[in-house]
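**Student:** Supplied in structure tokens, the structure appears directly below.
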Amino acid sequence: MTESLRVTVDRQEGFAIVYTEGYINNQGGEEIAKVAYQLIDEGRKILLLNLHGTKIVNSIGISILIEIIEKMIEIDGKLGFCNLTATIAKTFEIMGLSQYAQIYPGEAEALAGLRSPA
Amino acid sequence: MTESLRVTVDRQEGFAIVYTEGYINNQGGEEIAKVAYQLIDEGRKILLLNLHGTKIVNSIGISILIEIIEKMIEIDGKLGFCNLTATIAKTFEIMGLSQYAQIYPGEAEALAGLRSPA
Amino acid sequence: MTGNAVLREVTLTLPMLPDMEVAASKTATAMAEYMQMTPDRIDEVRMAVIEACINAFEHSHAPDRKVYMTFEVLGGGEPELLRISVRDTGVGFEPGEREKPRIASKLKAENKRGWGLEIIQGLMDSVEIDSSTDGTTVVMSKRR
Amino acid sequence: MTGNAVLREVTLTLPMLPDMEVAASKTATAMAEYMQMTPDRIDEVRMAVIEACINAFEHSHAPDRKVYMTFEVLGGGEPELLRISVRDTGVGFEPGEREKPRIASKLKAENKRGWGLEIIQGLMDSVEIDSSTDGTTVVMSKRR
Ligand SMILES: Nc1ncnc2c1ncn2[C@@H]1O[C@H](COP(=O)(O)OP(=O)(O)O)[C@@H](O)[C@H]1O
Ligand SMILES: Nc1ncnc2c1ncn2[C@@H]1O[C@H](COP(=O)(O)OP(=O)(O)O)[C@@H](O)[C@H]1O
């Protein structure tokens with residue numbers, strides 16, 4: 001039980017935004033990965049995870065996000081995160097995740113940053 | 001500890017609205033009563049308690065509200081409540097409070113009802 | 001058929017001190033959310049838990065100044081019922097002798113209190129009280 | 001001077017079952033709110049509690065499948081410190097032998113796990129682990 005993570009996708013030309021709502025635990029992480037791998041299979045190399053509706057995560061969920069980061073590095077793509085709670089941002093910092101995935105405050109900054117050719 | 005109830009007052013010609021934010025327990029009820037008696041002393045006979053920021057109450061707090069209702073009956077005034085959570089409204093119903101104090105969904109309906117001469 | 005296996009059981013022990021009833025109400029919320037009870041019904045459970053705790057705090061005179069709670073999720077496969085027990089080791093009382101409070105008389109009375117058990121009964125689906133000179137246990141349940 | 005009297009103590013016992021860590025995190029929230037900790041710091045406590053619980057769930061192999069927690073508010077007069085203990089009666093481990101996880105190597109590794117204790121240490125002010133073949137107790141504290 002406990003309501004499971006809701007994941008919604010906004011497919012755009014060349015990139016996609018994945019929105020989450022709920023707890024990113026084991027199953028929540030798997031849900032996100034399923035969606036992310038599908039988007040990658042569709043040829044997208046730029047993904048933004050907007051965690052606006054996620055107030056809690058656990059380290060099992062985050063380790064599944066690391067798998068997605070690994071995949072993105074492999075395909076030479078870009079993965080960004082936005083709208084993290086202060087604690088989730090701090091946790092990503094503790095783990096050093098921010099060296100391999102961009103963390104942005106909001107969606108506008110994220111899209112500007114991820115779509116720039118740099 | 002635990003943050004105490006915040007009570008704010010909007011004094012209008014002939015009536016006043018009392019806004020609460022937080023837990024209406026013993027102390028919270030006393031806070032409201034202090035403000036209500038002051039407004040009555042100032043000559044106001046119509047009071048609206050807008051509980052928009054109150055998600056929990058306890059029966060000790062409510063019994064202090066009953067004292068205010070008693071006082072309003074004595075001075076032939078009117079006391080209304082608005083913006084109650086469904087559970088607070090149900091609790092007032094269980095106690096029969098709604099026979100002696102008007103309960104309105106929002107402020108507009110409350111002001112229309114309380115200020116009508118009926 | 002309503003299954004009645006205990007799917008989850010959590011126990012909480014609280015000191016009888018101001019505001020600690022709020023901790024109990026949060027634990028109740030967690031269990032009710034786990035069952036996916038609707039927010040309004042969760043809120044009703046919360047209020048009932050607060051009342052049962054403050055009764056123990058105020059009236060039990062328990063020498064250990066503690067409230068012992070269990071939160072059980074019951075069901076046959078799917079969670080169906082939340083059962084909460086609130087126990088103190090205090091002086092007890094006679095639940096059968098309690099008079100149903102009436103607002104009309106409370107308005108005139110000096111003592112306006114006496115609503116806690118009435119509220120608990122109104123908000124929960126079932127309530128049982130077991131009280132003796134060894135203490136009081138209130139067991140209250142609500143379906144999902 | 002920091003007083004270290006225990007002002008409030010609440011105990012919680014949880015089954016080692018999915019989602020029960022959320023109940024622990026709510027109890028932690030209640031105690032931290034009681035102390036008027038800031039919302040961001042409350043959130044950090046919540047996350048640390050979740051990690052400590054899932055460690056016990058996953059790794060302890062405790063035969064009773066239970067986690068025993070205490071939440072203590074300490075201070076001299078005013079609440080100053082929240083101390084949370086998470087205990088299991090499982091197989092234990094050697095905390096000293098744990099390697100600090102590194103993201104660069106985890107990215108290449110098959111097993112990307114191993115972050116829980118690192119996160120707990122990063123989010124709390126102090127963490128002590130006492131582990132033996134009788135079980136593990138993690139005691140973690142955060143100032144208001
Ligand atoms: N846990 C308890 N231990 C002893 N007496 C209790 C307990 N709970 C309730 N009572 C008795 O029942 C009465 C009615 O309780 P209640 O309906 O909650 O109203 P109130 O708490 O406002 O008096 C109390 O005044 C008290 O005498
Ligand atoms: N309560 C516990 N009982 C037994 N072993 C534990 C416990 N907590 C942690 N451990 C051991 O420490 C290791 C590191 O834990 P942690 O940093 O939380 O990462 P993870 O849980 O992802 O493995 C675990 O893999 C486990 O071997």
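Just so we're on the same page: first chain in the structure tokens is A, next is B, and so on; residues restart at 1 for each chain, and ligands are numbered from 1 in the order they show up.
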Pull the closest atom pair for each residue of chain C that gets at most 7 Å from ligand 1, along with the distance in Å to one decimal, counting only C-alpha atoms and all ligand atoms, ordering rows by chain and then ascending residue number, as JSON lines.
**Tutor:**
```
{"residue": "C:Glu51", "atom": "CA", "partner": "ligand 1", "partner_atom_place_in_ligand_line": "18 (O)", "distance": 6.6}
{"residue": "C:Asn55", "atom": "CA", "partner": "ligand 1", "partner_atom_place_in_ligand_line": "8 (N)", "distance": 4.5}
{"residue": "C:Ala56", "atom": "CA", "partner": "ligand 1", "partner_atom_place_in_ligand_line": "1 (N)", "distance": 3.8}
{"residue": "C:His59", "atom": "CA", "partner": "ligand 1", "partner_atom_place_in_ligand_line": "4 (C)", "distance": 4.4}
{"residue": "C:Ser60", "atom": "CA", "partner": "ligand 1", "partner_atom_place_in_ligand_line": "3 (N)", "distance": 3.6}
{"residue": "C:Asp88", "atom": "CA", "partner": "ligand 1", "partner_atom_place_in_ligand_line": "1 (N)", "distance": 6.4}
{"residue": "C:Gly90", "atom": "CA", "partner": "ligand 1", "partner_atom_place_in_ligand_line": "3 (N)", "distance": 6.1}
{"residue": "C:Val91", "atom": "CA", "partner": "ligand 1", "partner_atom_place_in_ligand_line": "4 (C)", "distance": 5.9}
{"residue": "C:Gly92", "atom": "CA", "partner": "ligand 1", "partner_atom_place_in_ligand_line": "4 (C)", "distance": 4.3}
{"residue": "C:Phe93", "atom": "CA", "partner": "ligand 1", "partner_atom_place_in_ligand_line": "5 (N)", "distance": 4.7}
{"residue": "C:Pro95", "atom": "CA", "partner": "ligand 1", "partner_atom_place_in_ligand_line": "12 (O)", "distance": 6.6}
{"residue": "C:Arg98", "atom": "CA", "partner": "ligand 1", "partner_atom_place_in_ligand_line": "14 (C)", "distance": 6.5}
{"residue": "C:Arg113", "atom": "CA", "partner": "ligand 1", "partner_atom_place_in_ligand_line": "22 (O)", "distance": 4.1}
{"residue": "C:Gly114", "atom": "CA", "partner": "ligand 1", "partner_atom_place_in_ligand_line": "19 (O)", "distance": 3.1}
{"residue": "C:Trp115", "atom": "CA", "partner": "ligand 1", "partner_atom_place_in_ligand_line": "17 (O)", "distance": 4.4}
{"residue": "C:Gly116", "atom": "CA", "partner": "ligand 1", "partner_atom_place_in_ligand_line": "18 (O)", "distance": 3.2}
{"residue": "C:Leu117", "atom": "CA", "partner": "ligand 1", "partner_atom_place_in_ligand_line": "17 (O)", "distance": 3.8}
{"residue": "C:Glu118", "atom": "CA", "partner": "ligand 1", "partner_atom_place_in_ligand_line": "17 (O)", "distance": 5.8}
{"residue": "C:Gly135", "atom": "CA", "partner": "ligand 1", "partner_atom_place_in_ligand_line": "3 (N)", "distance": 6.8}
{"residue": "C:Thr136", "atom": "CA", "partner": "ligand 1", "partner_atom_place_in_ligand_line": "1 (N)", "distance": 5.3}
```
**Student:** Selection from above, C-alpha atoms, as a PDB file, in the first residue's frame, can you write it?
**Tutor:**
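What landed in selection_20.pdb:
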```pdb
ATOM      1  CA  GLU C  51      -8.994  13.246  22.525  1.00  0.00           C
ATOM      2  CA  ASN C  55      -8.139  12.054  28.478  1.00  0.00           C
ATOM      3  CA  ALA C  56      -5.341   9.804  29.674  1.00  0.00           C
ATOM      4  CA  HIS C  59      -7.841  12.072  34.075  1.00  0.00           C
ATOM      5  CA  SER C  60      -5.856   8.870  34.545  1.00  0.00           C
ATOM      6  CA  ASP C  88      -2.980   4.095  30.706  1.00  0.00           C
ATOM      7  CA  GLY C  90      -4.283   5.083  35.984  1.00  0.00           C
ATOM      8  CA  VAL C  91      -7.233   5.102  38.380  1.00  0.00           C
ATOM      9  CA  GLY C  92      -9.908   4.212  35.834  1.00  0.00           C
ATOM     10  CA  PHE C  93     -13.536   5.316  35.677  1.00  0.00           C
ATOM     11  CA  PRO C  95     -17.707   4.569  31.336  1.00  0.00           C
ATOM     12  CA  ARG C  98     -20.959   8.959  31.923  1.00  0.00           C
ATOM     13  CA  ARG C 113     -16.160  20.187  29.488  1.00  0.00           C
ATOM     14  CA  GLY C 114     -17.110  16.528  29.024  1.00  0.00           C
ATOM     15  CA  TRP C 115     -17.063  16.184  25.212  1.00  0.00           C
ATOM     16  CA  GLY C 116     -14.038  13.974  24.564  1.00  0.00           C
ATOM     17  CA  LEU C 117     -15.657  10.534  24.540  1.00  0.00           C
ATOM     18  CA  GLU C 118     -18.681  11.880  22.668  1.00  0.00           C
ATOM     19  CA  GLY C 135      -6.165   1.654  34.304  1.00  0.00           C
ATOM     20  CA  THR C 136      -8.077   2.378  31.157  1.00  0.00           C
TER      21      THR C 136
END
```
**Student:** Once you count only C-alpha atoms, which residues of chain C turn out to be within 7 Å of chain A? Could you give them as a compact mmCIF listing (two decimals) with all heavy atoms, in the first residue's frame?
**Tutor:**
```txt
# COMPACT_ATOMS: atom_id res chain seq x y z
N GLU C 33 -2.53 6.83 6.26
CA GLU C 33 -2.05 7.10 4.89
C GLU C 33 -1.54 5.83 4.24
O GLU C 33 -1.75 5.61 3.05
CB GLU C 33 -0.94 8.16 4.90
CG GLU C 33 -1.48 9.57 5.09
CD GLU C 33 -0.37 10.63 5.13
OE1 GLU C 33 0.83 10.26 5.14
OE2 GLU C 33 -0.73 11.82 5.18
N TYR C 34 -0.86 5.02 5.04
CA TYR C 34 -0.39 3.74 4.52
C TYR C 34 -1.56 2.93 3.94
O TYR C 34 -1.46 2.30 2.90
CB TYR C 34 0.32 2.94 5.62
CG TYR C 34 0.48 1.49 5.26
CD1 TYR C 34 1.44 1.10 4.33
CD2 TYR C 34 -0.37 0.53 5.78
CE1 TYR C 34 1.55 -0.22 3.94
CE2 TYR C 34 -0.26 -0.79 5.41
CZ TYR C 34 0.70 -1.16 4.48
OH TYR C 34 0.79 -2.46 4.09
N MET C 35 -2.71 2.98 4.64
CA MET C 35 -3.91 2.25 4.18
C MET C 35 -4.63 2.96 3.04
O MET C 35 -5.67 2.48 2.58
CB MET C 35 -4.93 2.15 5.32
CG MET C 35 -4.49 1.49 6.56
SD MET C 35 -5.77 1.65 7.84
CE MET C 35 -7.12 0.71 7.11
N GLN C 36 -4.15 4.17 2.71
CA GLN C 36 -4.82 5.02 1.72
C GLN C 36 -6.24 5.38 2.14
O GLN C 36 -7.17 5.40 1.31
CB GLN C 36 -4.78 4.38 0.32
CG GLN C 36 -3.36 4.16 -0.17
CD GLN C 36 -3.29 3.68 -1.62
OE1 GLN C 36 -4.27 3.72 -2.35
NE2 GLN C 36 -2.12 3.22 -2.03
```
**Student:** Each residue of chain A lying at most 10 Å from ligand 2 should get a row with its shortest atom-to-atom pair and the distance in Å to one decimal, counting only C-alpha atoms and all ligand atoms; could you produce that, ordered by chain and increasing number, as JSON lines?
**Tutor:**
```
{"residue": "A:Asn58", "atom": "CA", "partner": "ligand 2", "partner_atom_place_in_ligand_line": "22 (O)", "distance": 9.6}
{"residue": "A:Ser59", "atom": "CA", "partner": "ligand 2", "partner_atom_place_in_ligand_line": "22 (O)", "distance": 6.5}
{"residue": "A:Ile60", "atom": "CA", "partner": "ligand 2", "partner_atom_place_in_ligand_line": "22 (O)", "distance": 6.4}
{"residue": "A:Ile62", "atom": "CA", "partner": "ligand 2", "partner_atom_place_in_ligand_line": "22 (O)", "distance": 9.9}
{"residue": "A:Ser63", "atom": "CA", "partner": "ligand 2", "partner_atom_place_in_ligand_line": "22 (O)", "distance": 8.2}
```
**Student:** Write the residues you've just listed into a file as a PDB file, in the first residue's frame, and include all heavy atoms for each of them.
**Tutor:**
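Output file result38.pdb follows:
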```pdb
ATOM      1  N   ASN A  58      14.549   7.915  -0.776  1.00  0.00           N
ATOM      2  CA  ASN A  58      15.505   7.176   0.048  1.00  0.00           C
ATOM      3  C   ASN A  58      16.679   6.755  -0.820  1.00  0.00           C
ATOM      4  O   ASN A  58      16.653   6.932  -2.043  1.00  0.00           O
ATOM      5  CB  ASN A  58      14.845   6.015   0.823  1.00  0.00           C
ATOM      6  CG  ASN A  58      14.432   4.847  -0.043  1.00  0.00           C
ATOM      7  OD1 ASN A  58      14.984   4.600  -1.121  1.00  0.00           O
ATOM      8  ND2 ASN A  58      13.437   4.116   0.437  1.00  0.00           N
ATOM      9  N   SER A  59      17.719   6.235  -0.180  1.00  0.00           N
ATOM     10  CA  SER A  59      18.965   6.003  -0.917  1.00  0.00           C
ATOM     11  C   SER A  59      18.830   4.853  -1.912  1.00  0.00           C
ATOM     12  O   SER A  59      19.616   4.767  -2.861  1.00  0.00           O
ATOM     13  CB  SER A  59      20.114   5.746   0.053  1.00  0.00           C
ATOM     14  OG  SER A  59      19.890   4.552   0.773  1.00  0.00           O
ATOM     15  N   ILE A  60      17.855   3.989  -1.719  1.00  0.00           N
ATOM     16  CA  ILE A  60      17.638   2.922  -2.708  1.00  0.00           C
ATOM     17  C   ILE A  60      17.095   3.571  -3.982  1.00  0.00           C
ATOM     18  O   ILE A  60      17.570   3.281  -5.087  1.00  0.00           O
ATOM     19  CB  ILE A  60      16.654   1.855  -2.173  1.00  0.00           C
ATOM     20  CG1 ILE A  60      17.043   1.420  -0.750  1.00  0.00           C
ATOM     21  CG2 ILE A  60      16.607   0.658  -3.130  1.00  0.00           C
ATOM     22  CD1 ILE A  60      16.163   0.334  -0.153  1.00  0.00           C
ATOM     23  N   ILE A  62      17.540   6.657  -4.891  1.00  0.00           N
ATOM     24  CA  ILE A  62      18.582   7.483  -5.525  1.00  0.00           C
ATOM     25  C   ILE A  62      19.577   6.610  -6.281  1.00  0.00           C
ATOM     26  O   ILE A  62      20.070   7.001  -7.342  1.00  0.00           O
ATOM     27  CB  ILE A  62      19.341   8.362  -4.498  1.00  0.00           C
ATOM     28  CG1 ILE A  62      18.349   9.233  -3.703  1.00  0.00           C
ATOM     29  CG2 ILE A  62      20.343   9.274  -5.216  1.00  0.00           C
ATOM     30  CD1 ILE A  62      19.005  10.078  -2.620  1.00  0.00           C
ATOM     31  N   SER A  63      19.857   5.412  -5.768  1.00  0.00           N
ATOM     32  CA  SER A  63      20.847   4.595  -6.477  1.00  0.00           C
ATOM     33  C   SER A  63      20.307   4.149  -7.842  1.00  0.00           C
ATOM     34  O   SER A  63      21.089   3.899  -8.764  1.00  0.00           O
ATOM     35  CB  SER A  63      21.311   3.419  -5.617  1.00  0.00           C
ATOM     36  OG  SER A  63      20.217   2.601  -5.306  1.00  0.00           O
TER      37      SER A  63
END
```
**Student:** Using only C-alpha atoms, find the residues of chain D whose closest atom to chain C is at most 6 Å away, then write them as a tab-separated table (two decimals) with N, CA, C and O atoms, in the first residue's frame.
**Tutor:**
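Saved file selection.tsv follows:
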```
chain	number	residue	atom	x	y	z
D	10	VAL	N	9.84	9.59	23.67
D	10	VAL	CA	8.79	8.82	23.04
D	10	VAL	C	9.43	7.57	22.46
D	10	VAL	O	10.54	7.63	21.94
D	11	THR	N	8.78	6.41	22.59
D	11	THR	CA	9.33	5.22	21.98
D	11	THR	C	8.36	4.68	20.93
D	11	THR	O	7.14	4.80	21.07
D	12	LEU	N	8.93	4.13	19.88
D	12	LEU	CA	8.14	3.62	18.76
D	12	LEU	C	8.71	2.27	18.37
D	12	LEU	O	9.92	2.12	18.25
D	13	THR	N	7.85	1.29	18.17
D	13	THR	CA	8.30	-0.01	17.68
D	13	THR	C	7.60	-0.28	16.35
D	13	THR	O	6.38	-0.18	16.26
D	14	LEU	N	8.40	-0.59	15.35
D	14	LEU	CA	7.90	-0.76	13.97
D	14	LEU	C	8.15	-2.16	13.48
D	14	LEU	O	9.21	-2.73	13.75
D	23	ALA	N	6.23	5.88	8.92
D	23	ALA	CA	5.66	6.12	10.26
D	23	ALA	C	6.74	6.68	11.19
D	23	ALA	O	6.50	7.61	11.96
D	26	LYS	N	7.36	10.28	10.51
D	26	LYS	CA	6.31	11.19	11.01
D	26	LYS	C	6.47	11.43	12.51
D	26	LYS	O	6.21	12.53	13.00
D	27	THR	N	6.85	10.40	13.23
D	27	THR	CA	7.07	10.58	14.67
D	27	THR	C	8.24	11.55	14.88
D	27	THR	O	8.17	12.44	15.72
D	30	ALA	N	7.03	15.02	14.31
D	30	ALA	CA	6.26	15.54	15.45
D	30	ALA	C	7.19	16.05	16.55
D	30	ALA	O	6.97	17.13	17.11
```
**Student:** Could you give me, as a list in words, the residues within 8 Å of C:Leu82, counting only C-alpha atoms and dropping anything in the same chain fewer than 2 positions from it?
**Tutor:**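 What passes the distance filter is Met31, Ala32, Phe71, Glu72, Val73, Leu74, Glu80, Ile84, Ser141, Lys142, Arg143 and Arg144 of chain C.
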**Student:** Check chain A with DSSP on the backbone and list each residue it calls alpha helix (DSSP H), as number ranges by chain.
**Tutor:** A: 26-41, 59-74, 86-95, 107-115
**Student:** Just want the 12 Å neighbourhood of C:Gly96, counted on only C-alpha atoms, with same-chain residues fewer than 3 positions away dropped. Output as number ranges by chain.
**Tutor:** C: 93, 99-100, 117, 128-131
**Student:** So that I have them on file, write out the residues from the current selection with C-alpha atoms, as an mmCIF file, in the first residue's frame.
**Tutor:**
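Contents of the output file part_1.cif:
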```cif
data_model
loop_
_atom_site.group_PDB
_atom_site.id
_atom_site.type_symbol
_atom_site.label_atom_id
_atom_site.label_comp_id
_atom_site.auth_asym_id
_atom_site.auth_seq_id
_atom_site.Cartn_x
_atom_site.Cartn_y
_atom_site.Cartn_z
ATOM 1 C CA PHE C 93 -13.536 5.316 35.677
ATOM 2 C CA GLU C 99 -23.852 11.250 31.034
ATOM 3 C CA LYS C 100 -24.257 12.189 27.413
ATOM 4 C CA LEU C 117 -15.657 10.534 24.540
ATOM 5 C CA GLU C 128 -14.686 0.079 23.276
ATOM 6 C CA ILE C 129 -13.610 1.189 26.721
ATOM 7 C CA ASP C 130 -12.184 -1.159 29.287
ATOM 8 C CA SER C 131 -11.545 0.576 32.592
#
```
**Student:** Which neighbours of A:Thr87 fall inside 10 Å, counting only C-alpha atoms, when residues of the same chain fewer than 4 positions from it are skipped, and could you give them as a list in words?
**Tutor:**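 Residues near the query, excluding close chain neighbours: Lys55, Ile56, Val57, Thr91, Phe92 and Glu93 of chain A; Asp40, Arg41, Ile42, Asp43, Glu44, Val45, Arg46, Met47 and Leu123 of chain D.
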**Student:** Using only C-alpha atoms, which protein or nucleic acid residues come within 12 Å of B:Tyr104? Drop anything in the same chain fewer than 2 positions from it, and give the result as a PDB file with C-alpha atoms, in the first residue's frame.
**Tutor:**
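Output file selection-v1.pdb is given in full below:
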```pdb
ATOM      1  CA  LEU B  48     -16.826  35.890  13.005  1.00  0.00           C
ATOM      2  CA  LEU B  49     -14.218  33.253  13.810  1.00  0.00           C
ATOM      3  CA  ASN B  50     -12.412  32.346  10.606  1.00  0.00           C
ATOM      4  CA  LEU B  51     -10.494  29.138  11.366  1.00  0.00           C
ATOM      5  CA  HIS B  52      -8.807  28.965   7.942  1.00  0.00           C
ATOM      6  CA  LEU B  79     -21.123  34.472  16.693  1.00  0.00           C
ATOM      7  CA  GLY B  80     -20.304  32.767  13.436  1.00  0.00           C
ATOM      8  CA  PHE B  81     -17.644  30.354  12.273  1.00  0.00           C
ATOM      9  CA  CYS B  82     -16.241  29.900   8.797  1.00  0.00           C
ATOM     10  CA  ASN B  83     -13.567  27.981   6.907  1.00  0.00           C
ATOM     11  CA  LEU B  84     -13.736  24.933   9.155  1.00  0.00           C
ATOM     12  CA  THR B  85     -12.081  21.696   8.066  1.00  0.00           C
ATOM     13  CA  ALA B  86     -14.611  18.931   7.420  1.00  0.00           C
ATOM     14  CA  ALA B  89     -17.395  21.039  11.206  1.00  0.00           C
ATOM     15  CA  SER B  98     -24.357  24.503  15.248  1.00  0.00           C
ATOM     16  CA  ALA B 101     -23.518  29.460  16.491  1.00  0.00           C
ATOM     17  CA  GLN B 102     -23.823  29.831  12.739  1.00  0.00           C
ATOM     18  CA  GLY B 106     -16.578  31.012   3.649  1.00  0.00           C
ATOM     19  CA  GLU B 107     -16.224  34.590   4.799  1.00  0.00           C
ATOM     20  CA  ALA B 108     -18.529  36.163   2.231  1.00  0.00           C
ATOM     21  CA  GLU B 109     -21.482  33.936   3.164  1.00  0.00           C
ATOM     22  CA  ALA B 110     -20.705  34.444   6.836  1.00  0.00           C
ATOM     23  CA  LEU B 111     -20.699  38.227   6.645  1.00  0.00           C
ATOM     24  CA  ALA B 112     -23.900  38.257   4.585  1.00  0.00           C
ATOM     25  CA  GLY B 113     -25.576  35.933   7.094  1.00  0.00           C
ATOM     26  CA  LEU B 114     -24.340  37.545  10.311  1.00  0.00           C
TER      27      LEU B 114
END
```
**Student:** How would you write, as a CSV table (one decimal) with N, CA, C and O atoms, in the first residue's frame, the set of residues in chain A that DSSP gives as strand (DSSP E or B)?
**Tutor:**
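Below is the file out.csv, written as the result:
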```
chain,number,residue,atom,x,y,z
A,6,ARG,N,3.7,8.8,-8.7
A,6,ARG,CA,3.1,9.2,-10.0
A,6,ARG,C,4.2,9.8,-10.9
A,6,ARG,O,4.8,10.8,-10.4
A,7,VAL,N,4.3,9.3,-12.1
A,7,VAL,CA,5.3,9.8,-13.0
A,7,VAL,C,4.6,10.3,-14.3
A,7,VAL,O,3.8,9.6,-14.9
A,8,THR,N,4.8,11.5,-14.7
A,8,THR,CA,4.2,12.0,-16.0
A,8,THR,C,5.3,12.6,-16.8
A,8,THR,O,6.3,13.0,-16.3
A,9,VAL,N,5.1,12.5,-18.1
A,9,VAL,CA,6.1,12.9,-19.1
A,9,VAL,C,5.6,13.9,-20.0
A,9,VAL,O,4.5,13.9,-20.5
A,10,ASP,N,6.5,14.9,-20.3
A,10,ASP,CA,6.2,15.9,-21.3
A,10,ASP,C,7.2,15.8,-22.4
A,10,ASP,O,8.4,16.2,-22.2
A,11,ARG,N,6.8,15.2,-23.5
A,11,ARG,CA,7.8,15.0,-24.6
A,11,ARG,C,7.9,16.3,-25.5
A,11,ARG,O,6.8,16.7,-26.0
A,12,GLN,N,9.1,16.8,-25.6
A,12,GLN,CA,9.3,18.0,-26.5
A,12,GLN,C,10.3,17.6,-27.6
A,12,GLN,O,10.9,16.5,-27.5
A,15,PHE,N,14.0,16.9,-26.4
A,15,PHE,CA,14.1,16.6,-24.9
A,15,PHE,C,12.8,16.2,-24.3
A,15,PHE,O,11.8,16.2,-25.0
A,16,ALA,N,12.9,15.8,-23.1
A,16,ALA,CA,11.6,15.4,-22.4
A,16,ALA,C,11.8,15.8,-20.9
A,16,ALA,O,12.9,15.8,-20.3
A,17,ILE,N,10.6,16.2,-20.3
A,17,ILE,CA,10.6,16.5,-18.9
A,17,ILE,C,9.8,15.4,-18.2
A,17,ILE,O,8.7,15.0,-18.6
A,18,VAL,N,10.4,14.8,-17.1
A,18,VAL,CA,9.7,13.8,-16.3
A,18,VAL,C,9.3,14.4,-15.0
A,18,VAL,O,10.2,14.9,-14.3
A,19,TYR,N,8.0,14.4,-14.7
A,19,TYR,CA,7.5,15.0,-13.4
A,19,TYR,C,7.2,13.8,-12.4
A,19,TYR,O,6.6,12.8,-12.8
A,20,THR,N,7.6,14.0,-11.2
A,20,THR,CA,7.3,13.0,-10.2
A,20,THR,C,6.5,13.6,-9.1
A,20,THR,O,6.6,14.7,-8.7
A,21,GLU,N,5.6,12.7,-8.5
A,21,GLU,CA,4.8,13.1,-7.4
A,21,GLU,C,4.8,11.9,-6.4
A,21,GLU,O,4.3,10.9,-6.8
A,24,ILE,N,10.1,8.7,-3.6
A,24,ILE,CA,11.0,8.0,-4.5
A,24,ILE,C,11.8,6.9,-3.7
A,24,ILE,O,12.9,7.2,-3.2
A,46,ILE,N,18.4,14.4,-24.0
A,46,ILE,CA,18.3,15.4,-22.9
A,46,ILE,C,17.0,15.1,-22.1
A,46,ILE,O,15.9,15.1,-22.6
A,47,LEU,N,17.3,14.8,-20.8
A,47,LEU,CA,16.1,14.6,-19.9
A,47,LEU,C,16.2,15.5,-18.7
A,47,LEU,O,17.3,15.7,-18.1
A,48,LEU,N,15.0,16.0,-18.3
A,48,LEU,CA,15.0,16.8,-17.1
A,48,LEU,C,14.0,16.1,-16.1
A,48,LEU,O,12.9,15.8,-16.5
A,49,LEU,N,14.5,15.8,-14.9
A,49,LEU,CA,13.7,15.3,-13.9
A,49,LEU,C,13.2,16.4,-13.0
A,49,LEU,O,14.0,17.0,-12.2
A,50,ASN,N,11.9,16.7,-13.1
A,50,ASN,CA,11.4,17.8,-12.2
A,50,ASN,C,10.7,17.1,-11.0
A,50,ASN,O,9.6,16.5,-11.1
A,51,LEU,N,11.3,17.2,-9.9
A,51,LEU,CA,10.8,16.5,-8.7
A,51,LEU,C,9.9,17.4,-7.8
A,51,LEU,O,9.9,17.2,-6.6
A,52,HIS,N,9.2,18.3,-8.5
A,52,HIS,CA,8.4,19.2,-7.7
A,52,HIS,C,7.4,18.6,-6.7
A,52,HIS,O,7.1,19.1,-5.7
A,53,GLY,N,6.9,17.4,-7.0
A,53,GLY,CA,5.9,16.8,-6.2
A,53,GLY,C,6.5,15.7,-5.3
A,53,GLY,O,5.8,14.9,-4.7
A,57,VAL,N,12.7,10.9,-0.5
A,57,VAL,CA,13.4,10.0,-1.3
A,57,VAL,C,14.1,9.1,-0.3
A,57,VAL,O,14.3,9.4,0.8
A,78,LYS,N,22.4,14.3,-21.6
A,78,LYS,CA,22.4,15.2,-20.5
A,78,LYS,C,21.2,14.9,-19.6
A,78,LYS,O,20.1,14.8,-20.1
A,79,LEU,N,21.5,14.8,-18.3
A,79,LEU,CA,20.4,14.6,-17.3
A,79,LEU,C,20.4,15.8,-16.3
A,79,LEU,O,21.5,16.1,-15.8
A,80,GLY,N,19.3,16.4,-16.2
A,80,GLY,CA,19.2,17.5,-15.2
A,80,GLY,C,18.1,17.2,-14.2
A,80,GLY,O,17.2,16.4,-14.4
A,81,PHE,N,18.2,17.9,-13.0
A,81,PHE,CA,17.2,17.8,-12.0
A,81,PHE,C,16.7,19.2,-11.7
A,81,PHE,O,17.6,20.2,-11.7
A,82,CYS,N,15.4,19.4,-11.4
A,82,CYS,CA,15.0,20.7,-10.9
A,82,CYS,C,13.9,20.6,-9.8
A,82,CYS,O,13.4,19.5,-9.7
A,102,GLN,N,23.3,17.9,-13.7
A,102,GLN,CA,23.1,19.3,-13.4
A,102,GLN,C,21.9,19.5,-12.5
A,102,GLN,O,20.8,18.8,-12.7
A,103,ILE,N,22.0,20.3,-11.5
A,103,ILE,CA,20.9,20.6,-10.6
A,103,ILE,C,20.5,22.1,-10.8
A,103,ILE,O,21.4,23.0,-10.6
A,104,TYR,N,19.2,22.3,-11.1
A,104,TYR,CA,18.8,23.7,-11.3
A,104,TYR,C,17.6,24.0,-10.4
A,104,TYR,O,16.9,23.1,-10.0
```
**Student:** Please list as a list in words every residue within 9 Å of B:Ala36, counting only C-alpha atoms and excluding residues in the same chain fewer than 4 positions away.
**Tutor:**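 Listed by chain and then number, they are Val18, Glu31, Ile32, Ile40, Asp41, Leu47 and Ile68 of chain B.
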